[in-house]
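Asker: Contents of upload22.txt (compact mmCIF, C-alpha atoms) are below:
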# COMPACT_ATOMS: atom_id res chain seq x y z
CA MET A 1 22.77 70.04 -25.48
CA LYS A 2 24.40 67.21 -27.42
CA PRO A 3 24.65 63.80 -25.68
CA ALA A 4 28.41 64.15 -25.59
CA SER A 5 28.14 67.45 -23.70
CA LEU A 6 25.67 65.99 -21.21
CA ALA A 7 27.88 62.96 -20.67
CA LEU A 8 30.83 65.27 -20.04
CA ALA A 9 28.84 67.28 -17.50
CA ILE A 10 27.72 64.13 -15.67
CA ALA A 11 31.27 62.78 -15.69
CA LEU A 12 32.48 66.00 -14.13
CA VAL A 13 29.84 65.89 -11.40
CA LEU A 14 29.96 62.23 -10.42
CA PRO A 15 33.45 62.21 -8.87
CA PHE A 16 32.23 64.76 -6.33
CA ALA A 17 28.92 63.00 -5.48
CA PRO A 18 29.31 60.32 -2.80
CA LEU A 19 27.35 57.22 -3.74
CA HIS A 20 27.08 55.93 -0.19
CA ALA A 21 26.85 59.17 1.79
CA ALA A 22 25.66 58.81 5.36
CA GLY A 23 22.16 60.02 6.11
CA PRO A 24 21.08 62.44 8.86
CA MET A 25 21.57 59.86 11.61
CA GLY A 26 24.51 58.08 10.03
CA GLU A 27 22.40 55.55 8.13
CA ARG A 28 23.20 54.23 4.64
CA ARG A 29 21.18 55.54 1.72
CA ALA A 30 18.90 52.48 1.57
CA GLU A 31 18.23 52.59 5.33
CA SER A 32 15.48 54.64 6.95
CA SER A 33 15.84 56.83 10.01
CA SER A 34 13.56 58.68 12.39
CA MET A 35 14.40 61.35 14.96
CA THR A 36 12.29 60.89 18.09
CA GLY A 37 13.85 63.28 20.60
CA ILE A 38 16.27 66.18 20.99
CA ASN A 39 17.54 68.03 24.06
CA ALA A 40 18.66 71.60 24.79
CA ALA A 41 22.28 70.75 23.94
CA GLY A 42 21.27 69.56 20.46
CA GLU A 43 21.81 65.88 21.25
CA SER A 44 19.25 63.79 19.38
CA VAL A 45 18.04 60.20 19.46
CA GLY A 46 16.06 57.95 17.17
CA GLU A 47 16.32 54.77 15.24
CA ILE A 48 17.81 53.42 12.02
CA LYS A 49 16.01 50.64 10.20
CA ASP A 50 18.00 48.59 7.70
CA GLU A 51 16.81 46.84 4.53
CA ASP A 52 15.93 43.71 6.53
CA GLY A 53 13.81 45.62 9.04
CA ARG A 54 16.34 45.48 11.90
CA ARG A 55 16.06 48.53 14.16
CA ARG A 56 19.00 50.20 15.93
CA ALA A 57 18.70 52.88 18.61
CA VAL A 58 21.17 55.70 17.94
CA MET A 59 22.25 58.93 19.60
CA LEU A 60 23.98 61.90 17.97
CA SER A 61 26.09 63.99 20.35
CA GLN A 62 28.52 66.77 19.36
CA GLY A 63 29.10 65.26 15.94
CA ARG A 64 29.48 61.72 17.30
CA HIS A 65 27.31 58.79 16.20
CA ILE A 66 26.61 56.53 19.19
CA GLU A 67 25.06 53.09 18.80
CA ILE A 68 23.05 52.51 21.98
CA GLY A 69 22.98 48.75 21.51
CA THR A 70 20.53 46.15 22.80
CA LEU A 71 19.86 44.05 25.91
CA GLY A 72 21.24 40.92 24.29
CA GLY A 73 18.89 40.71 21.32
CA SER A 74 19.01 42.05 17.77
CA ASP A 75 16.94 45.28 17.84
CA SER A 76 16.44 48.47 19.78
CA THR A 77 14.77 51.85 19.41
CA ALA A 78 15.23 55.15 21.28
CA ASN A 79 12.16 57.27 22.07
CA ALA A 80 13.33 60.24 24.16
CA ILE A 81 16.34 62.08 25.62
CA ASN A 82 16.51 64.65 28.44
CA ASN A 83 18.93 67.52 28.98
CA GLN A 84 21.24 65.32 31.06
CA GLY A 85 21.72 62.96 28.11
CA VAL A 86 19.63 60.15 29.59
CA VAL A 87 17.80 58.13 26.94
CA THR A 88 14.90 55.71 27.09
CA GLY A 89 13.28 53.35 24.62
CA GLY A 90 12.97 49.62 24.07
CA ALA A 91 15.49 46.89 23.30
CA LEU A 92 15.29 43.18 22.65
CA THR A 93 16.68 40.82 25.29
CA ALA A 94 18.44 37.52 24.60
CA ASN A 95 15.00 35.91 25.05
CA ASN A 96 13.64 38.06 22.21
CA ALA A 97 11.42 40.16 24.49
CA TRP A 98 11.25 43.96 24.33
CA HIS A 99 12.33 45.65 27.58
CA ALA A 100 12.33 49.32 28.52
CA PHE A 101 15.82 50.71 29.08
CA ARG A 102 17.70 53.62 30.59
CA PHE A 103 20.87 54.70 28.79
CA ASP A 104 23.61 57.25 29.35
CA GLU A 105 27.18 57.27 28.14
CA ALA A 106 28.65 56.78 31.61
CA GLN A 107 26.70 53.64 32.54
CA GLY A 108 25.54 52.30 29.18
CA ILE A 109 22.22 50.55 28.63
CA ARG A 110 20.30 49.19 31.65
CA ASP A 111 17.21 46.98 31.70
CA LEU A 112 14.20 48.45 33.56
CA GLY A 113 12.38 45.13 33.71
CA THR A 114 8.59 44.70 33.58
CA LEU A 115 5.51 44.67 35.81
CA GLY A 116 5.62 40.90 36.11
CA GLY A 117 5.08 40.02 32.45
CA SER A 118 7.47 39.52 29.56
CA SER A 119 7.78 42.93 27.86
CA SER A 120 8.00 46.68 28.40
CA VAL A 121 8.88 49.88 26.50
CA GLY A 122 10.03 53.31 27.68
CA THR A 123 8.26 56.11 25.84
CA ALA A 124 9.34 59.36 27.54
CA LEU A 125 11.21 60.88 30.47
CA ASN A 126 11.54 64.19 32.32
CA GLN A 127 14.56 66.23 33.37
CA SER A 128 14.75 64.32 36.68
CA GLY A 129 15.22 61.09 34.74
CA HIS A 130 11.81 59.62 35.63
CA ILE A 131 10.81 57.31 32.78
CA VAL A 132 7.29 56.40 31.68
CA GLY A 133 6.01 53.77 29.29
CA TYR A 134 4.04 50.55 29.47
CA ALA A 135 4.84 47.05 30.65
CA ASP A 136 3.24 43.63 30.68
CA THR A 137 1.69 42.47 33.93
CA ALA A 138 1.62 38.93 35.28
CA ASP A 139 -1.98 38.47 34.09
CA GLY A 140 -1.05 39.12 30.46
CA ASN A 141 -2.27 42.73 30.22
CA TYR A 142 -0.12 45.87 29.98
CA HIS A 143 -0.14 48.93 32.25
CA ALA A 144 1.34 52.41 32.20
CA PHE A 145 4.33 52.80 34.52
CA VAL A 146 6.70 55.35 36.03
CA ASP A 147 10.28 54.36 36.83
CA ASN A 148 12.11 56.78 39.15
CA GLY A 149 15.45 55.00 38.95
CA ILE A 150 14.69 52.77 41.91
CA GLY A 151 11.73 50.77 40.71
CA MET A 152 8.75 50.58 38.37
CA LEU A 153 5.39 51.90 39.63
CA ASP A 154 2.19 50.51 38.09
CA LEU A 155 -0.19 53.41 37.31
CA GLY A 156 -3.18 51.13 36.79
CA THR A 157 -6.08 51.75 34.40
CA LEU A 158 -9.49 53.46 34.26
CA GLY A 159 -11.22 50.23 35.18
CA GLY A 160 -10.30 48.25 32.07
CA LYS A 161 -7.46 45.86 31.31
CA ASN A 162 -4.77 47.97 29.64
CA SER A 163 -3.12 51.38 29.73
CA TYR A 164 0.01 53.08 28.39
CA ALA A 165 1.88 56.28 29.22
CA THR A 166 3.16 58.64 26.54
CA ALA A 167 4.69 61.62 28.38
CA ILE A 168 5.73 63.03 31.77
CA ASN A 169 6.45 66.62 32.82
CA GLY A 170 8.75 68.14 35.42
CA ALA A 171 6.16 67.83 38.21
CA GLY A 172 5.74 64.12 37.54
CA TYR A 173 2.35 64.48 35.82
CA VAL A 174 1.86 61.60 33.37
CA VAL A 175 -0.47 61.33 30.38
CA GLY A 176 -1.46 58.53 28.05
CA ALA A 177 -4.50 56.33 27.41
CA ALA A 178 -6.26 53.72 29.53
CA GLN A 179 -9.18 51.39 29.01
CA LEU A 180 -12.57 51.84 30.65
CA PRO A 181 -14.52 48.82 31.89
CA ASN A 182 -16.29 48.74 28.49
CA GLY A 183 -12.92 48.44 26.71
CA TYR A 184 -12.80 51.91 25.12
CA ARG A 185 -9.52 53.80 25.50
CA ARG A 186 -9.62 57.28 27.03
CA ALA A 187 -6.96 59.93 27.54
CA PHE A 188 -5.79 60.14 31.14
CA LEU A 189 -3.88 62.50 33.39
CA TYR A 190 -2.01 61.03 36.38
CA LYS A 191 -0.84 63.23 39.24
CA PRO A 192 1.39 61.87 42.02
CA GLY A 193 -0.69 61.50 45.15
CA SER A 194 -3.98 61.90 43.26
CA GLY A 195 -3.91 59.01 40.83
CA MET A 196 -5.35 58.67 37.34
CA ILE A 197 -8.28 60.73 36.07
CA GLU A 198 -10.13 60.42 32.76
CA LEU A 199 -10.01 63.44 30.43
CA PRO A 200 -13.08 64.51 28.45
CA THR A 201 -13.48 63.65 24.77
CA LEU A 202 -14.69 65.71 21.82
CA GLY A 203 -17.85 63.65 21.54
CA GLY A 204 -16.44 60.33 20.37
CA ARG A 205 -15.75 57.07 22.18
CA ILE A 206 -11.92 57.01 22.07
CA SER A 207 -9.15 59.46 22.91
CA VAL A 208 -5.45 59.54 23.75
CA ALA A 209 -3.18 62.11 25.39
CA THR A 210 0.27 62.25 23.80
CA ALA A 211 2.19 65.09 25.48
CA ILE A 212 2.18 67.46 28.46
CA ASN A 213 4.31 70.53 29.18
CA ASP A 214 5.60 71.80 32.51
CA HIS A 215 2.55 74.07 32.88
CA GLY A 216 0.25 71.06 32.82
CA VAL A 217 -1.19 71.68 29.36
CA VAL A 218 -2.08 68.36 27.72
CA VAL A 219 -2.43 67.60 24.00
CA GLY A 220 -3.60 64.57 22.11
CA ALA A 221 -6.38 63.40 19.81
CA SER A 222 -10.03 62.49 20.28
CA GLU A 223 -12.51 60.69 18.11
CA MET A 224 -15.40 62.87 16.93
CA PRO A 225 -19.07 61.78 16.75
CA ASN A 226 -18.67 61.29 12.98
CA GLY A 227 -15.67 58.97 13.39
CA ALA A 228 -13.00 61.51 12.37
CA TRP A 229 -10.16 62.40 14.75
CA HIS A 230 -9.35 65.90 16.00
CA ALA A 231 -6.27 67.15 17.81
CA PHE A 232 -7.07 68.67 21.19
CA MET A 233 -5.56 70.80 23.93
CA TYR A 234 -6.67 70.33 27.54
CA GLU A 235 -5.98 73.20 29.93
CA ASN A 236 -7.48 74.04 33.33
CA GLY A 237 -10.29 71.54 32.91
CA ARG A 238 -11.26 72.77 29.44
CA MET A 239 -11.02 70.85 26.15
CA ILE A 240 -10.09 72.93 23.07
CA ASP A 241 -10.76 71.41 19.64
CA LEU A 242 -7.63 72.19 17.58
CA GLY A 243 -8.89 70.08 14.70
CA ALA A 244 -11.81 72.47 14.22
CA MET A 245 -9.26 75.13 13.20
CA ILE A 246 -8.17 72.94 10.27
CA ALA A 247 -10.42 72.93 7.20
CA ARG A 248 -10.70 69.18 6.75
CA GLY A 249 -9.20 65.79 7.50
CA SER A 250 -8.22 64.06 10.73
CA SER A 251 -5.61 65.62 13.00
CA PHE A 252 -3.42 64.29 15.80
CA ALA A 253 -1.37 66.43 18.22
CA ASN A 254 1.97 64.85 19.14
CA GLY A 255 4.03 67.46 20.96
CA ILE A 256 3.93 70.67 23.00
CA ASN A 257 6.72 72.85 24.41
CA ASN A 258 6.71 75.13 27.45
CA HIS A 259 5.74 78.14 25.29
CA GLY A 260 2.50 76.36 24.41
CA ASP A 261 3.49 75.70 20.79
CA ILE A 262 1.81 72.50 19.57
CA VAL A 263 2.68 70.27 16.63
CA GLY A 264 1.03 67.29 15.04
CA THR A 265 -0.15 65.62 11.88
CA VAL A 266 -3.07 66.23 9.54
CA LYS A 267 -4.30 63.47 7.24
CA ILE A 268 -6.54 64.85 4.49
CA LYS A 269 -7.19 61.69 2.48
CA ASP A 270 -6.20 58.06 2.89
CA HIS A 271 -3.87 58.14 -0.12
CA ASP A 272 -2.28 61.52 0.61
CA ALA A 273 0.91 62.04 2.60
CA PRO A 274 0.40 63.48 6.11
CA HIS A 275 0.99 67.20 6.67
CA THR A 276 2.55 68.92 9.67
CA PHE A 277 0.40 71.36 11.63
CA ILE A 278 1.77 73.99 13.99
CA TYR A 279 -0.36 75.82 16.54
CA LYS A 280 1.58 78.88 17.69
CA ASN A 281 0.52 82.14 19.33
CA GLY A 282 -3.12 81.19 18.92
CA GLN A 283 -2.78 80.67 15.18
CA MET A 284 -3.06 77.39 13.29
CA GLN A 285 -0.97 76.69 10.21
CA VAL A 286 -0.85 73.54 8.11
CA ARG A 287 2.44 73.02 6.35
CA ALA A 288 2.89 71.45 2.95
CA ALA A 289 5.82 70.45 0.74
CA TYR A 290 9.21 71.48 2.15
CA GLY A 291 7.81 72.98 5.35
CA SER A 292 6.22 69.69 6.36
CA LEU A 293 7.33 66.32 7.74
CA TYR A 294 5.92 62.90 6.93
CA LEU A 295 6.13 61.93 10.61
CA THR A 296 5.84 64.84 13.05
CA ARG A 297 7.15 63.86 16.48
CA ASP A 298 7.74 66.85 18.75
CA ILE A 299 8.68 70.53 19.05
CA THR A 300 11.68 71.87 20.99
CA GLU A 301 11.76 74.93 23.23
CA ASP A 302 13.40 76.95 20.45
CA GLY A 303 10.71 75.98 17.92
CA LYS A 304 12.34 73.18 15.97
CA VAL A 305 9.84 70.57 14.76
CA ILE A 306 11.40 67.11 14.56
CA GLY A 307 10.43 63.85 12.89
CA SER A 308 10.99 62.26 9.49
CA SER A 309 10.61 63.15 5.83
CA TYR A 310 9.75 60.68 3.08
CA THR A 311 12.19 60.53 0.16
CA GLY A 312 9.93 58.43 -2.06
CA HIS A 313 11.72 55.25 -0.97
CA VAL A 314 12.53 55.47 2.75
CA LEU A 315 12.03 57.75 5.74
CA LYS A 316 14.87 60.08 6.73
CA SER A 317 15.03 61.97 10.01
CA GLY A 318 14.54 65.70 9.64
CA ALA A 319 13.42 68.97 11.20
CA VAL A 320 11.65 72.15 10.13
CA ASP A 321 11.46 75.59 11.74
CA SER A 322 8.06 76.33 13.24
CA ALA A 323 8.54 80.07 12.64
CA ARG A 324 9.59 79.86 9.00
CA THR A 325 6.93 80.81 6.49
CA ASP A 326 8.97 80.53 3.29
CA HIS A 327 9.71 77.01 2.18
CA GLY A 328 13.19 77.71 0.82
CA LEU A 329 15.23 75.18 -1.08
CA LYS A 330 16.12 71.68 0.06
CA PRO A 331 19.64 70.28 -0.40
CA VAL A 332 18.53 68.33 -3.45
CA ASP A 333 17.36 71.59 -5.05
CA TRP A 334 20.75 73.19 -4.48
CA LEU A 335 22.41 70.11 -5.98
CA THR A 336 20.16 70.36 -9.03
CA LEU A 337 20.96 74.05 -9.45
CA ALA A 338 24.67 73.32 -9.12
CA PHE A 339 24.36 70.57 -11.72
CA LEU A 340 22.57 72.89 -14.17
CA SER A 341 25.15 75.61 -13.55
CA LEU A 342 27.90 73.13 -14.33
CA ILE A 343 26.18 72.15 -17.57
CA ALA A 344 25.90 75.83 -18.52
CA ALA A 345 29.58 76.36 -17.71
CA VAL A 346 30.59 73.39 -19.88
CA ALA A 347 28.44 74.70 -22.74
CA ALA A 348 29.98 78.18 -22.42
CA PHE A 349 33.46 76.65 -22.42
CA LYS A 350 32.70 74.79 -25.68
CA VAL A 351 31.37 77.99 -27.30
CA ARG A 352 34.49 79.93 -26.30
CA ASP A 353 36.63 77.08 -27.57
CA ARG A 354 34.95 77.13 -30.98
CA ILE A 355 35.27 80.91 -31.20
CA ARG A 356 38.94 80.60 -30.36
CA LYS A 357 39.35 78.10 -33.20
CA GLY A 358 37.72 80.50 -35.66
CA PHE A 359 34.30 78.84 -35.99
CA ASP A 360 32.04 81.04 -38.20
CA PHE A 361 28.52 80.95 -36.76
CA GLY A 362 27.17 83.00 -39.67
CA ILE A 363 28.24 80.39 -42.24
CA LYS A 364 26.88 77.62 -40.01
CA MET A 365 23.48 79.35 -39.79
CA LEU A 366 23.35 79.91 -43.58
CA SER A 367 24.10 76.26 -44.23
CA LEU A 368 21.12 75.30 -42.06
CA ALA A 369 18.72 77.65 -43.88
Before anything else, please render the file you have as structure tokens.

Answerer:
Amino acid sequence: MKPASLALAIALVLPFAPLHAAGPMGERRAESSSMTGINAAGESVGEIKDEDGRRRAVMLSQGRHIEIGTLGGSDSTANAINNQGVVTGGALTANNAWHAFRFDEAQGIRDLGTLGGSSSVGTALNQSGHIVGYADTADGNYHAFVDNGIGMLDLGTLGGKNSYATAINGAGYVVGAAQLPNGYRRAFLYKPGSGMIELPTLGGRISVATAINDHGVVVGASEMPNGAWHAFMYENGRMIDLGAMIARGSSFANGINNHGDIVGTVKIKDHDAPHTFIYKNGQMQVRAAYGSLYLTRDITEDGKVIGSSYTGHVLKSGAVDSARTDHGLKPVDWLTLAFLSLIAAVAAFKVRDRIRKGFDFGIKMLSLA
């Protein structure tokens, strides 16, 4: 195609292409976004990070973009939402300290406080609105906590200094990681009335539990004897090595739903982008390209895997279907196809125009011979 034709095609396309279109969570093109939670009604939460690194907790509800705000400071991030629309995360106070919060549209953002120290963060919550996370203690360490809406309960440690909670199920079971007296972090399971117990490892020194479903099945990641990490599932006192089902690389399980579907991340090499893995119906699949996310956060009850994709410049919140085997076409592919179709249409128009004006292709071809 001649430069003039290409310029015409581009000129025709550009008026219809928004230069500052909002991203998946309402962010500008140069801003990054990450989806961290979604509920049964399709309401989602996450954060937007601007070019200066400022983080804003956001909620999307029925087509509305809701800025959750802060506790008097500049930044905030949302980590989870339940089916009642209650959100938790962390927000900066006027004193520039991160504090765990509880948010809903009726009452706004509320400070959960700490365990006597300066900072705290909410990481997850259940359908009853019980929030877990970690908070600084008066002695300068940090401990896992549960907040039931009345106060913050210190879950303690496994004999070491620090611990943090990552998830809670409907029965109030909490998982996370806690230090042993020797300083190594181990995955734990906390049951109300029974306290915190250490979960087994896959042979290494360190482990962390990251999610638990309402049937008490726990997932996470454990160091192996060779220093690699493998995703695991813990059920009825038994550790199952999910990473062994993946050919190579380190793996980390991040989410599980009540059907037992598990999602996480596989890192093959240090310089490669992470891949999404999905363990479903006893089968392991590692996604690549369009079926994968750069950051894999969680899986919903209907099988939607949420997290973020990498555009080559910034992260953008996204989701993939755990049941889909074909990769399909992304929006950018459809835009490219539309652009090429437009170019073809312009070229066809020019050919018809020349024919209409009596252009003799035979003479033109002879003159080029």

Asker: With distances taken over all atoms listed in the file, which of A:Leu315, A:Ile299, A:Ala209, A:Val45 is nearest to A:Gly85?

Answerer: A:Val45

Asker: Residues at most 6 Å from A:Phe145, counting only C-alpha atoms, excluding those fewer than 5 positions away in the same chain, as a VMD selection string?

Answerer: chain A and resid 132 to 134 153 to 155

Asker: Please tabulate, as JSON lines, the residues of stretch 159-239 of chain A that come within 12 Å of stretch 279-296 of chain A, each with its closest pair of atoms and the distance in Å to one decimal, counting only C-alpha atoms and ordering rows by chain, then residue number upward.

Answerer:
{"residue": "A:Val219", "atom": "CA", "partner": "A:Tyr279", "partner_atom": "CA", "distance": 11.3}
{"residue": "A:Ala231", "atom": "CA", "partner": "A:Tyr279", "partner_atom": "CA", "distance": 10.6}
{"residue": "A:Phe232", "atom": "CA", "partner": "A:Tyr279", "partner_atom": "CA", "distance": 10.9}
{"residue": "A:Met233", "atom": "CA", "partner": "A:Tyr279", "partner_atom": "CA", "distance": 10.3}

Asker: Filtering to C-alpha atoms, could you give me those residues as an mmCIF file, in the frame of the given file?

Answerer:
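Writing done, so here's part12.cif:
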data_model
loop_
_atom_site.group_PDB
_atom_site.id
_atom_site.type_symbol
_atom_site.label_atom_id
_atom_site.label_comp_id
_atom_site.auth_asym_id
_atom_site.auth_seq_id
_atom_site.Cartn_x
_atom_site.Cartn_y
_atom_site.Cartn_z
ATOM 1 C CA VAL A 219 -2.430 67.600 24.000
ATOM 2 C CA ALA A 231 -6.270 67.150 17.810
ATOM 3 C CA PHE A 232 -7.070 68.670 21.190
ATOM 4 C CA MET A 233 -5.560 70.800 23.930
#

Asker: Please provide as a VMD selection string all residues within 12 Å of stretch 113-117 of chain A, with the sequence filter that same-chain residues fewer than 2 positions apart are discarded (counting only C-alpha atoms).

Answerer: chain A and resid 71 90 to 93 97 to 102 110 to 111 119 to 122 132 to 147 149 to 156

Asker: Atom CA of A:Ile66 and atom CA of A:Thr210, how far apart in Å?

Answerer: 27.3 Å

Asker: I'd like the contact shell of A:Gly63 - 12 Å cut-off, only C-alpha atoms, skipping same-chain residues fewer than 6 positions apart - returned as a CSV table (one decimal) with C-alpha atoms, in the frame of the given file.

Answerer:
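Generated output (around30.csv):
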chain,number,residue,atom,x,y,z
A,24,PRO,CA,21.1,62.4,8.9
A,25,MET,CA,21.6,59.9,11.6
A,26,GLY,CA,24.5,58.1,10.0
A,41,ALA,CA,22.3,70.8,23.9
A,42,GLY,CA,21.3,69.6,20.5
A,43,GLU,CA,21.8,65.9,21.2
A,44,SER,CA,19.2,63.8,19.4

Asker: What is the atom CA of A:His313-atom CA of A:Glu31 distance in Å, reported with one decimal?

Answerer: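 Going from atom CA of A:His313 over to atom CA of A:Glu31, I get 9.4 Å.
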
Asker: Considering all atoms listed in the file, state which residue in the set A:Ala187, A:Ile168, A:Ile278, A:Ala178 is at the smallest distance from A:Asn213.

Answerer: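 Among A:Ala187, A:Ile168, A:Ile278, A:Ala178, it is A:Ile168 that comes nearest to A:Asn213.
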
Asker: I need the residue nearest A:Thr265 from this list: A:Met239, A:Leu199, A:Ala221, A:Ala319. Use all atoms listed in the file for the distance.

Answerer: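 Once distances to A:Thr265 are computed over all atoms listed in the file, the minimum belongs to A:Ala221.
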
Asker: Show me the residues close to (7.4, 56.8, 25.3) - anything with an atom within 8 Å, counting only C-alpha atoms - and format the list as a PyMOL selection string.

Answerer: chain A and resi 79-80+88-89+121-125+132-133+165-167

Asker: Could you tell me how far atom CA of A:Ser163 sits from atom CA of A:Ala177, in Å to one decimal place?

Answerer: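 These two atoms are separated by 5.6 Å.
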
Asker: Counting all atoms listed in the file, figure out which residue out of A:Gly176, A:Gly46, A:Pro192, A:Gly53 gets nearest to A:Ala78.

Answerer: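 Using all atoms listed in the file, the shortest distance to A:Ala78 belongs to A:Gly46.
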
Asker: Rank A:Ala94, A:Leu202, A:Ser251, A:Val208 by their smallest atom-to-atom distance to A:Leu189, using only C-alpha atoms, and report the top residue only.

Answerer: A:Val208

Asker: When you look at A:Pro200 with a cut-off of 9 Å (counting only C-alpha atoms), what residues show up, excluding the ones that are within fewer than 5 positions of it in the same chain? I need them as a PyMOL selection string.

Answerer: chain A and resi 186-188+207+222+234+237-239

Asker: Compare A:Thr157, A:Ser309, A:Ser32, A:Ser128 by their minimum atom-to-atom distance to A:Asn83, counting only C-alpha atoms, and give me the closest one.

Answerer: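 With only C-alpha atoms as the atom set, the closest residue is A:Ser128.
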